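Reproduced below: start.txt, with compact mmCIF, C-alpha atoms.
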# COMPACT_ATOMS: atom_id res chain seq x y z
CA MET A 99 -7.53 -17.79 50.59
CA ALA A 100 -4.92 -16.15 52.77
CA GLY A 101 -6.24 -16.78 56.21
CA ARG A 102 -9.52 -15.62 57.65
CA GLY A 103 -8.19 -12.75 59.74
CA PRO A 104 -9.06 -9.06 59.47
CA VAL A 105 -7.97 -6.93 56.52
CA ARG A 106 -5.44 -4.16 56.97
CA GLU A 107 -3.27 -2.02 54.74
CA VAL A 108 0.42 -2.91 54.70
CA ARG A 109 3.54 -1.85 52.80
CA LEU A 110 3.75 -4.78 50.39
CA TRP A 111 5.89 -3.88 47.39
CA ASP A 112 9.22 -2.23 48.14
CA PRO A 113 10.32 0.83 46.11
CA LEU A 114 12.97 -1.04 44.09
CA LEU A 115 10.52 -3.74 43.09
CA ARG A 116 8.02 -1.10 41.95
CA ALA A 117 10.70 0.76 40.02
CA PHE A 118 11.71 -2.57 38.44
CA HIS A 119 8.10 -3.29 37.46
CA TRP A 120 7.44 0.03 35.74
CA LEU A 121 10.84 0.24 34.07
CA LEU A 122 10.33 -3.28 32.75
CA THR A 123 6.86 -2.29 31.53
CA PHE A 124 8.27 0.70 29.69
CA PHE A 125 11.27 -0.99 28.12
CA VAL A 126 9.43 -4.18 27.12
CA ILE A 127 6.69 -2.18 25.41
CA ALA A 128 9.21 0.18 23.80
CA GLY A 129 11.43 -2.71 22.67
CA TRP A 130 8.48 -4.70 21.34
CA CYS A 131 7.04 -1.76 19.38
CA LEU A 132 10.44 -0.74 18.02
CA GLY A 133 10.99 -4.34 16.95
CA GLN A 134 7.68 -4.52 15.11
CA PHE A 135 7.26 -1.00 13.80
CA GLY A 136 10.54 0.81 14.45
CA PRO A 137 13.22 2.03 12.07
CA ALA A 138 15.20 -0.52 10.03
CA ARG A 139 18.34 0.29 12.00
CA MET A 140 17.36 -1.15 15.34
CA THR A 141 19.82 0.63 17.64
CA LEU A 142 17.10 1.77 20.06
CA HIS A 143 15.57 -1.72 20.09
CA PHE A 144 18.98 -3.11 21.03
CA TRP A 145 19.27 -0.64 23.91
CA CYS A 146 15.83 -1.60 25.20
CA GLY A 147 17.04 -5.20 25.23
CA TYR A 148 20.16 -4.31 27.20
CA VAL A 149 18.08 -2.43 29.78
CA VAL A 150 15.67 -5.38 30.06
CA ALA A 151 18.65 -7.72 30.56
CA GLY A 152 19.90 -5.53 33.39
CA LEU A 153 16.44 -5.39 34.97
CA LEU A 154 16.14 -9.19 34.80
CA VAL A 155 19.49 -9.60 36.55
CA PHE A 156 18.26 -7.25 39.27
CA ARG A 157 15.01 -9.21 39.63
CA LEU A 158 16.85 -12.51 39.89
CA ILE A 159 19.06 -11.17 42.70
CA TRP A 160 16.09 -9.46 44.37
CA GLY A 161 14.22 -12.76 44.29
CA PHE A 162 16.78 -14.14 46.73
CA VAL A 163 17.84 -11.16 48.85
CA GLY A 164 14.88 -8.73 48.58
CA PRO A 165 12.07 -8.26 51.10
CA PRO A 166 9.85 -11.36 51.61
CA PRO A 167 7.09 -10.47 49.06
CA ALA A 168 9.79 -10.14 46.36
CA ARG A 169 11.39 -13.50 47.11
CA PHE A 170 10.83 -16.53 44.88
CA SER A 171 10.68 -18.75 47.97
CA HIS A 172 7.79 -16.63 49.23
CA PHE A 173 5.53 -16.91 46.20
CA ILE A 174 6.48 -20.02 44.23
CA ARG A 175 4.09 -22.68 45.50
CA GLY A 176 3.15 -26.25 44.67
CA PRO A 177 0.17 -27.55 42.67
CA GLY A 178 -1.87 -27.99 45.87
CA ALA A 179 -1.61 -24.31 46.79
CA ILE A 180 -2.35 -23.28 43.20
CA ALA A 181 -5.47 -25.49 43.05
CA GLY A 182 -6.54 -24.20 46.46
CA TYR A 183 -6.20 -20.60 45.30
CA MET A 184 -8.07 -21.28 42.07
CA ARG A 185 -11.08 -22.71 43.95
CA GLY A 186 -11.82 -19.31 45.46
CA MET A 187 -10.65 -17.32 42.50
CA PHE A 188 -13.99 -16.59 40.87
CA LEU A 189 -15.68 -15.36 44.06
CA ARG A 190 -16.74 -11.77 43.59
CA GLN A 191 -14.59 -10.51 46.43
CA PRO A 192 -11.04 -9.17 46.70
CA SER A 193 -8.35 -11.78 47.32
CA HIS A 194 -6.50 -9.55 49.81
CA TRP A 195 -3.54 -11.76 49.00
CA PRO A 196 -0.27 -10.57 50.57
CA GLY A 197 1.88 -10.64 47.42
CA HIS A 198 1.94 -12.70 44.25
CA ASN A 199 -0.78 -15.35 44.63
CA PRO A 200 0.13 -18.99 43.78
CA LEU A 201 -1.42 -18.80 40.31
CA GLY A 202 -0.05 -15.33 39.53
CA ALA A 203 3.38 -16.61 40.55
CA LEU A 204 3.30 -18.89 37.49
CA SER A 205 2.69 -15.85 35.32
CA VAL A 206 5.58 -13.98 36.98
CA ILE A 207 7.95 -16.89 36.35
CA ALA A 208 6.69 -17.34 32.77
CA MET A 209 7.22 -13.64 31.98
CA LEU A 210 10.71 -13.55 33.51
CA ALA A 211 11.71 -16.78 31.73
CA VAL A 212 10.35 -15.72 28.34
CA LEU A 213 11.99 -12.28 28.63
CA ALA A 214 15.32 -13.89 29.57
CA ALA A 215 15.05 -16.21 26.57
CA GLN A 216 14.10 -13.24 24.38
CA VAL A 217 17.14 -11.24 25.45
CA THR A 218 19.36 -14.27 24.83
CA SER A 219 18.00 -15.02 21.37
CA GLY A 220 18.31 -11.33 20.49
CA LEU A 221 21.94 -11.18 21.57
CA ILE A 222 22.88 -14.10 19.30
CA SER A 223 20.58 -13.26 16.33
CA ASP A 224 21.95 -12.60 12.88
CA PRO A 225 19.18 -11.61 10.45
CA ASP A 226 21.72 -11.42 7.59
CA ASP A 227 21.24 -7.70 7.08
CA TYR A 228 24.67 -6.50 8.33
CA ILE A 229 23.05 -3.75 10.39
CA ASN A 230 21.12 -5.56 13.14
CA VAL A 231 23.47 -8.35 14.13
CA GLY A 232 23.33 -9.30 17.82
CA PRO A 233 26.57 -8.49 19.67
CA LEU A 234 27.12 -12.14 20.66
CA ALA A 235 26.14 -13.68 17.29
CA SER A 236 29.77 -14.35 16.37
CA TYR A 237 30.12 -16.64 19.41
CA VAL A 238 27.58 -19.19 18.13
CA SER A 239 27.39 -21.29 14.95
CA SER A 240 25.93 -19.74 11.81
CA ALA A 241 23.00 -22.19 11.97
CA THR A 242 22.27 -21.12 15.56
CA ARG A 243 22.46 -17.38 14.89
CA SER A 244 20.11 -17.80 11.96
CA LYS A 245 17.66 -19.92 14.00
CA ALA A 246 17.85 -17.37 16.82
CA VAL A 247 16.02 -14.89 14.57
CA GLY A 248 13.11 -17.34 14.41
CA TRP A 249 13.17 -17.88 18.18
CA HIS A 250 13.25 -14.10 18.67
CA ASN A 251 10.12 -13.73 16.49
CA LEU A 252 8.37 -16.54 18.37
CA GLY A 253 9.41 -14.91 21.65
CA ALA A 254 7.79 -11.64 20.58
CA SER A 255 4.47 -13.46 20.11
CA LEU A 256 4.79 -15.20 23.49
CA ILE A 257 5.53 -11.88 25.19
CA LEU A 258 2.44 -10.36 23.59
CA VAL A 259 0.29 -13.25 24.84
CA LEU A 260 1.72 -13.09 28.38
CA VAL A 261 1.35 -9.30 28.58
CA LEU A 262 -2.25 -9.44 27.34
CA LEU A 263 -2.99 -12.21 29.86
CA HIS A 264 -1.39 -10.09 32.61
CA VAL A 265 -3.53 -7.07 31.69
CA ALA A 266 -6.66 -9.23 31.32
CA MET A 267 -6.16 -10.68 34.81
CA ILE A 268 -5.69 -7.20 36.28
CA LEU A 269 -8.98 -6.16 34.65
CA PHE A 270 -10.60 -9.36 35.98
CA TYR A 271 -9.46 -8.51 39.51
CA ARG A 272 -10.52 -4.88 39.10
CA PHE A 273 -14.00 -5.43 37.72
CA TRP A 274 -14.97 -8.97 38.75
CA LYS A 275 -13.23 -9.26 42.11
CA ARG A 276 -13.32 -5.50 42.81
CA GLU A 277 -9.66 -5.46 43.77
CA ASP A 278 -7.27 -2.82 42.43
CA LEU A 279 -3.85 -4.40 41.83
CA VAL A 280 -2.38 -1.43 39.95
CA ARG A 281 -2.44 1.05 42.82
CA PRO A 282 -0.39 -1.17 45.16
CA MET A 283 2.24 -1.46 42.43
CA ILE A 284 2.40 2.37 42.38
CA THR A 285 2.12 3.22 46.08
CA GLY A 286 3.44 -0.05 47.49
CA ARG A 287 0.49 -0.24 49.89
CA LYS A 288 -2.14 -2.99 49.66
CA GLN A 289 -5.09 -4.25 51.66
CA VAL A 290 -4.19 -7.77 52.78
CA ARG A 291 -5.83 -10.32 55.01
CA GLU A 292 -3.84 -11.22 58.09
CA ASP A 293 -3.15 -14.84 58.83
CA MET B 106 20.69 -56.15 5.43
CA ARG B 107 23.83 -55.60 3.39
CA LEU B 108 21.91 -56.25 0.25
CA ILE B 109 19.29 -53.70 1.25
CA LEU B 110 21.95 -51.08 2.00
CA THR B 111 23.73 -51.72 -1.28
CA ALA B 112 20.46 -51.53 -3.16
CA ALA B 113 19.59 -48.29 -1.37
CA ALA B 114 23.00 -46.80 -2.17
CA LEU B 115 22.70 -47.79 -5.82
CA ALA B 116 19.18 -46.41 -5.95
CA ALA B 117 20.42 -43.10 -4.56
CA VAL B 118 22.98 -42.62 -7.35
CA PRO B 119 20.54 -41.88 -10.16
CA LEU B 120 18.52 -39.77 -7.71
CA ALA B 121 21.56 -37.62 -6.95
CA SER B 122 22.36 -37.06 -10.60
CA LEU B 123 18.70 -36.44 -11.25
CA ALA B 124 18.73 -33.66 -8.61
CA GLN B 125 21.38 -31.81 -10.61
CA ASP B 126 19.09 -31.71 -13.60
CA ASP B 127 16.09 -30.74 -11.53
CA PRO B 128 15.30 -27.07 -12.32
CA VAL B 129 14.02 -26.48 -8.78
CA ALA B 130 17.24 -27.79 -7.19
CA GLN B 131 19.25 -25.74 -9.69
CA ALA B 132 17.31 -22.58 -8.93
CA VAL B 133 17.64 -23.01 -5.16
CA GLU B 134 21.36 -23.71 -5.49
CA ALA B 135 21.84 -20.72 -7.76
CA ARG B 136 20.01 -18.48 -5.29
CA HIS B 137 22.19 -19.67 -2.44
CA GLY B 138 25.25 -19.00 -4.58
CA PHE B 139 23.96 -15.52 -5.35
CA TYR B 140 23.41 -14.72 -1.67
CA GLN B 141 26.79 -16.25 -0.80
CA MET B 142 28.53 -13.92 -3.26
CA LEU B 143 26.50 -11.02 -1.89
CA ALA B 144 27.48 -12.06 1.66
CA ILE B 145 31.21 -12.27 0.86
CA ASN B 146 31.25 -8.73 -0.51
CA MET B 147 28.92 -7.38 2.19
CA GLY B 148 31.23 -9.01 4.74
CA THR B 149 34.18 -7.06 3.34
CA LEU B 150 32.32 -3.76 3.49
CA SER B 151 30.77 -4.40 6.89
CA GLY B 152 34.16 -5.47 8.30
CA MET B 153 35.71 -2.23 7.05
CA ALA B 154 32.82 -0.18 8.43
CA LYS B 155 33.31 -1.74 11.87
CA GLY B 156 37.09 -1.43 11.71
CA GLU B 157 37.58 -5.20 11.84
CA ILE B 158 39.17 -5.12 8.39
CA ALA B 159 41.68 -2.36 7.55
CA TYR B 160 40.19 0.10 5.07
CA ASP B 161 41.55 -0.35 1.57
CA GLU B 162 39.96 1.90 -1.01
CA ALA B 163 40.54 -0.45 -3.95
CA ALA B 164 39.23 -3.50 -2.06
CA ALA B 165 36.20 -1.60 -0.80
CA SER B 166 35.38 -0.29 -4.24
CA ARG B 167 35.82 -3.76 -5.77
CA ALA B 168 33.48 -5.34 -3.19
CA ALA B 169 30.92 -2.58 -3.76
CA ALA B 170 31.22 -2.97 -7.55
CA ASN B 171 30.60 -6.71 -7.15
CA ILE B 172 27.43 -6.00 -5.18
CA GLU B 173 26.33 -3.47 -7.78
CA ALA B 174 26.93 -6.04 -10.54
CA LEU B 175 25.17 -8.82 -8.63
CA THR B 176 22.04 -6.73 -8.21
CA GLN B 177 21.91 -6.29 -11.98
CA TYR B 178 21.25 -10.02 -12.26
CA ASP B 179 17.55 -10.84 -12.62
CA LEU B 180 17.33 -12.61 -9.27
CA PRO B 181 13.51 -12.88 -9.15
CA SER B 182 13.71 -15.14 -12.24
CA LEU B 183 15.35 -17.78 -10.03
CA PHE B 184 12.28 -17.93 -7.81
CA ILE B 185 10.58 -20.50 -10.01
CA GLU B 186 7.40 -22.43 -9.20
CA GLY B 187 7.92 -25.22 -6.69
CA SER B 188 11.03 -23.71 -5.08
CA SER B 189 9.43 -22.19 -1.98
CA SER B 190 10.16 -23.40 1.54
CA ALA B 191 6.87 -25.29 1.37
CA ASP B 192 8.07 -27.34 -1.62
CA ALA B 193 11.87 -27.51 -1.48
CA ASP B 194 13.81 -28.78 1.55
CA ASP B 195 16.66 -26.30 1.63
CA SER B 196 14.68 -23.24 0.53
CA ALA B 197 14.10 -20.33 2.91
CA ALA B 198 11.87 -18.53 0.41
CA LYS B 199 8.41 -18.01 1.87
CA PRO B 200 5.46 -19.02 -0.34
CA ASP B 201 4.32 -15.39 -0.01
CA ILE B 202 6.85 -14.53 -2.72
CA TRP B 203 4.67 -16.36 -5.21
CA ASN B 204 1.50 -14.79 -3.81
CA ASN B 205 2.93 -11.27 -4.06
CA PRO B 206 5.42 -11.33 -6.96
CA ASP B 207 5.05 -7.57 -7.48
CA GLU B 208 5.96 -6.78 -3.91
CA PHE B 209 8.88 -9.20 -4.10
CA GLY B 210 10.03 -7.44 -7.27
CA THR B 211 9.77 -4.10 -5.49
CA LYS B 212 11.99 -5.38 -2.66
CA PHE B 213 14.63 -6.49 -5.13
CA ALA B 214 14.36 -3.18 -6.97
CA GLY B 215 14.98 -1.58 -3.57
CA LEU B 216 18.26 -3.47 -3.29
CA GLN B 217 19.19 -2.45 -6.85
CA ALA B 218 18.49 1.18 -6.02
CA ALA B 219 20.49 0.96 -2.77
CA ALA B 220 23.42 -0.61 -4.65
CA THR B 221 23.51 1.94 -7.45
CA GLY B 222 26.70 3.98 -7.27
CA VAL B 223 28.14 2.24 -4.20
CA SER B 224 31.48 1.47 -5.88
CA GLY B 225 32.14 5.22 -5.92
CA ALA B 226 30.43 5.95 -2.61
CA VAL B 227 32.82 3.77 -0.56
CA LYS B 228 35.89 5.61 -1.84
CA GLY B 229 37.67 8.31 0.14
CA GLY B 230 37.87 6.74 3.61
CA ALA B 231 36.51 4.16 6.03
CA GLU B 232 33.90 6.66 7.23
CA ASN B 233 32.19 6.43 3.83
CA VAL B 234 31.64 2.67 4.09
CA GLY B 235 29.26 2.67 7.08
CA PRO B 236 26.46 4.61 5.37
CA VAL B 237 26.66 2.30 2.34
CA VAL B 238 26.43 -0.83 4.53
CA GLY B 239 23.50 0.77 6.34
CA LYS B 240 21.65 1.55 3.13
CA LEU B 241 22.26 -1.93 1.67
CA GLY B 242 21.43 -3.56 5.03
CA GLU B 243 18.08 -1.79 5.14
CA ALA B 244 17.27 -3.27 1.73
CA CYS B 245 18.33 -6.75 2.95
CA LYS B 246 16.13 -6.40 6.02
CA ALA B 247 13.12 -5.04 4.15
CA CYS B 248 12.93 -8.26 2.13
CA HIS B 249 14.06 -10.74 4.85
CA ASP B 250 11.37 -9.42 7.21
CA VAL B 251 8.59 -10.35 4.81
CA PHE B 252 9.82 -13.07 2.47
CA ARG B 253 12.47 -15.10 4.30
CA GLU B 254 11.78 -18.07 6.61
CA LYS B 255 13.13 -17.34 10.08
CA SER B 256 14.60 -20.71 10.96

Represent the structure of the file as structure tokens.
Amino acid sequence: MAGRGPVREVRLWDPLLRAFHWLLTFFVIAGWCLGQFGPARMTLHFWCGYVVAGLLVFRLIWGFVGPPPARFSHFIRGPGAIAGYMRGMFLRQPSHWPGHNPLGALSVIAMLAVLAAQVTSGLISDPDDYINVGPLASYVSSATRSKAVGWHNLGASLILVLVLLHVAMILFYRFWKREDLVRPMITGRKQVRED
Amino acid sequence: MRLILTAAALAAVPLASLAQDDPVAQAVEARHGFYQMLAINMGTLSGMAKGEIAYDEAAASRAAANIEALTQYDLPSLFIEGSSSADADDSAAKPDIWNNPDEFGTKFAGLQAAATGVSGAVKGGAENVGPVVGKLGEACKACHDVFREKS
């Protein structure tokens, strides 16, 4: 747990990070649904991918130069810290954690990595339909651009799993631990325990 | 060691000639040839639609006529038993084709329908090629999405 000190409300998530989060939410869902159920000519799906790519670049930079809670160095922790966090995880009380907790950090990294891989495989995909060829497909071998379609499909399944896990954990915090994690991502303010 | 290698090489010779007589290998090879011919002509049209190849009415119409002719071939007849990706090494045809032959036939009929009249439709200017590529591409995608292995 994060210290034993008193709980107080702080400004945790900065406005750009919150904007990043909700834009990513929108464009990942839109891109995923357009990919699965959208029109055969996937122009809008492509644009969702480009926006996601831009958002990921922002997040990568923000992870080094943003405010402390946004920085990778602030929330990426070792196995000891993760195990320590998990020991208290099922207590029916809010974590009051000041940022991404050590276990949640793994989910953050997994989502960013899978989305980056998804954007990459999409850019080099050639599904042999002459209408939805990734803009960078001509820069890789024909075997690679064909395989990329398979990786892109696999990536879609991984994204679904990670997003469902993310939502499930938020519900777990909300109803089991009685801690609302959605509101802080909207207002930026969160109850945290002081060290 | 040398003896083993020689024996293995000799043993492979009848196998290789056998493969040429194997109806499954023939069917898979014929399918790949079919798609290759389709790809060459689609490549011409798609290049012209994107402006990567200079528009040439005769060349565009010839490529489109080739596609139209190719789709008149009874392609589903080449999807013989034992030639799915589960049975043949170099096949990308999902076993679902054999589970849903009617749906597979419908997809191919969709390509035939999309290809009907394209040799005339691409005439008159580069701007007429894009819609044809789009229509044909949608038919490609409709079938690839369901019946083609993705790797």

Which residues of chain A come within 12 Å of chain B, and what is each one's closest atom pair and distance in Å (one decimal), counting only C-alpha atoms, sorted by chain and residue number, as a Markdown table?
| residue | atom | partner | partner_atom | distance |
| --- | --- | --- | --- | --- |
| A:Gly133 | CA | B:Asp250 | CA | 11.0 |
| A:Gln134 | CA | B:Asp250 | CA | 10.0 |
| A:Phe135 | CA | B:Asp250 | CA | 11.5 |
| A:Pro137 | CA | B:Glu243 | CA | 9.3 |
| A:Ala138 | CA | B:Glu243 | CA | 5.8 |
| A:Arg139 | CA | B:Glu243 | CA | 7.2 |
| A:Met140 | CA | B:Glu243 | CA | 10.2 |
| A:Thr141 | CA | B:Gly239 | CA | 11.9 |
| A:Ser223 | CA | B:Lys255 | CA | 10.5 |
| A:Asp224 | CA | B:Lys255 | CA | 10.4 |
| A:Pro225 | CA | B:Lys246 | CA | 7.5 |
| A:Asp226 | CA | B:Cys245 | CA | 7.4 |
| A:Asp227 | CA | B:Gly242 | CA | 4.6 |
| A:Tyr228 | CA | B:Gly242 | CA | 5.5 |
| A:Ile229 | CA | B:Gly242 | CA | 5.6 |
| A:Asn230 | CA | B:Gly242 | CA | 8.4 |
| A:Val231 | CA | B:Gly242 | CA | 10.5 |
| A:Ser240 | CA | B:Ser256 | CA | 11.4 |
| A:Ala241 | CA | B:Ser256 | CA | 8.6 |
| A:Thr242 | CA | B:Ser256 | CA | 9.0 |
| A:Arg243 | CA | B:Ser256 | CA | 9.4 |
| A:Ser244 | CA | B:Ser256 | CA | 6.3 |
| A:Lys245 | CA | B:Ser256 | CA | 4.4 |
| A:Ala246 | CA | B:Ser256 | CA | 7.5 |
| A:Val247 | CA | B:Lys255 | CA | 5.9 |
| A:Gly248 | CA | B:Lys255 | CA | 4.3 |
| A:Trp249 | CA | B:Ser256 | CA | 7.9 |
| A:His250 | CA | B:Lys255 | CA | 9.2 |
| A:Asn251 | CA | B:Lys255 | CA | 7.9 |
| A:Leu252 | CA | B:Lys255 | CA | 9.6 |

Separation of atom CA of Tyr178 of chain B from atom CA of Ala135 of chain B in Å:
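The value is 11.6 Å.
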
Name the residues in contact with segment 110-122 of chain A at a cut-off of 8 Å, using all atoms listed in the file, excluding same-chain residues fewer than 3 positions from it; report them as a PyMOL selection string.
chain A and resi 125-126+150+153+157+165+167-168+196-197+282-284+286-288

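Of the residues listed (B:Glu173, B:Glu162, B:Asp126, B:Glu157), B:Glu162 shows the shortest atom-to-atom separation from Lys228 of chain B; distances use all atoms listed in the file.
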
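As for atom CA of Cys146 of chain A and atom CA of Cys131 of chain A, they are spaced 10.5 Å apart.
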
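In this structure, atom CA of Val251 of chain B sits 13.1 Å away from atom CA of Asp207 of chain B.
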
For Leu234 of chain A: contacts at 9 Å, all atoms listed in the file, fewer than 5 positions along chain excluded, given as a ChimeraX atom specification
/A:220-223

Resulting file, chosen residues, C-alpha atoms, as a PDB file, in the coordinates of the input:
ATOM      1  CA  GLY A 220      18.310 -11.330  20.490  1.00  0.00           C
ATOM      2  CA  LEU A 221      21.940 -11.180  21.570  1.00  0.00           C
ATOM      3  CA  ILE A 222      22.880 -14.100  19.300  1.00  0.00           C
ATOM      4  CA  SER A 223      20.580 -13.260  16.330  1.00  0.00           C
TER       5      SER A 223
END

Taking all atoms listed in the file into account, name the residue in B:Gln217, B:Pro128, B:Ser224, B:Phe252 that is nearest to Gln177 of chain B.
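Of B:Gln217, B:Pro128, B:Ser224, B:Phe252, the one nearest Gln177 of chain B, counting all atoms listed in the file, is B:Gln217.
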
May I have the protein, DNA and RNA residues with an atom at most 10 Å from (36.9, -3.1, -5.2), counting only C-alpha atoms in the file's coordinates, returned as a list in words?
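Looking at atoms near the point gives Asn146, Thr149, Leu150, Asp161, Glu162, Ala163, Ala164, Ala165, Ser166, Arg167, Ala168, Ala169, Ala170, Asn171, Ile172, Ser224, Gly225, Val227 and Lys228 of chain B.
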
Just to be explicit: take each residue in the selection above, keep C-alpha atoms, and write the result as a JSON list (two decimals), in the coordinates of the input.
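Result written to part_8.json:
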[["chain", "number", "residue", "atom", "x", "y", "z"],
["B", 146, "ASN", "CA", 31.25, -8.73, -0.51],
["B", 149, "THR", "CA", 34.18, -7.06, 3.34],
["B", 150, "LEU", "CA", 32.32, -3.76, 3.49],
["B", 161, "ASP", "CA", 41.55, -0.35, 1.57],
["B", 162, "GLU", "CA", 39.96, 1.90, -1.01],
["B", 163, "ALA", "CA", 40.54, -0.45, -3.95],
["B", 164, "ALA", "CA", 39.23, -3.50, -2.06],
["B", 165, "ALA", "CA", 36.20, -1.60, -0.80],
["B", 166, "SER", "CA", 35.38, -0.29, -4.24],
["B", 167, "ARG", "CA", 35.82, -3.76, -5.77],
["B", 168, "ALA", "CA", 33.48, -5.34, -3.19],
["B", 169, "ALA", "CA", 30.92, -2.58, -3.76],
["B", 170, "ALA", "CA", 31.22, -2.97, -7.55],
["B", 171, "ASN", "CA", 30.60, -6.71, -7.15],
["B", 172, "ILE", "CA", 27.43, -6.00, -5.18],
["B", 224, "SER", "CA", 31.48, 1.47, -5.88],
["B", 225, "GLY", "CA", 32.14, 5.22, -5.92],
["B", 227, "VAL", "CA", 32.82, 3.77, -0.56],
["B", 228, "LYS", "CA", 35.89, 5.61, -1.84]]

Which is closer to Asn205 of chain B than all the others in B:Gly156, B:Pro181, B:Leu143, B:Gly138, using all atoms listed in the file?
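The answer is B:Pro181, which sits nearest to Asn205 of chain B.
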
Quick one: residues within 10 Å of Val105 of chain A, all atoms listed in the file counted, chain neighbours fewer than 5 positions away excluded, as an MDAnalysis selection string?
chainID A and resid 194:195 288:293

Set the distance at 9 Å and use all atoms listed in the file: which residues neighbour Ala132 of chain B once local chain neighbours fewer than 3 positions away are removed? I'd like the list as number ranges by chain.
B: 127-129, 135-137, 182-185, 188

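For the choices A:Ser171, A:Gly253, A:His143, A:Met184, the atom-to-atom distance to Gly129 of chain A is smallest for A:His143 when using all atoms listed in the file.
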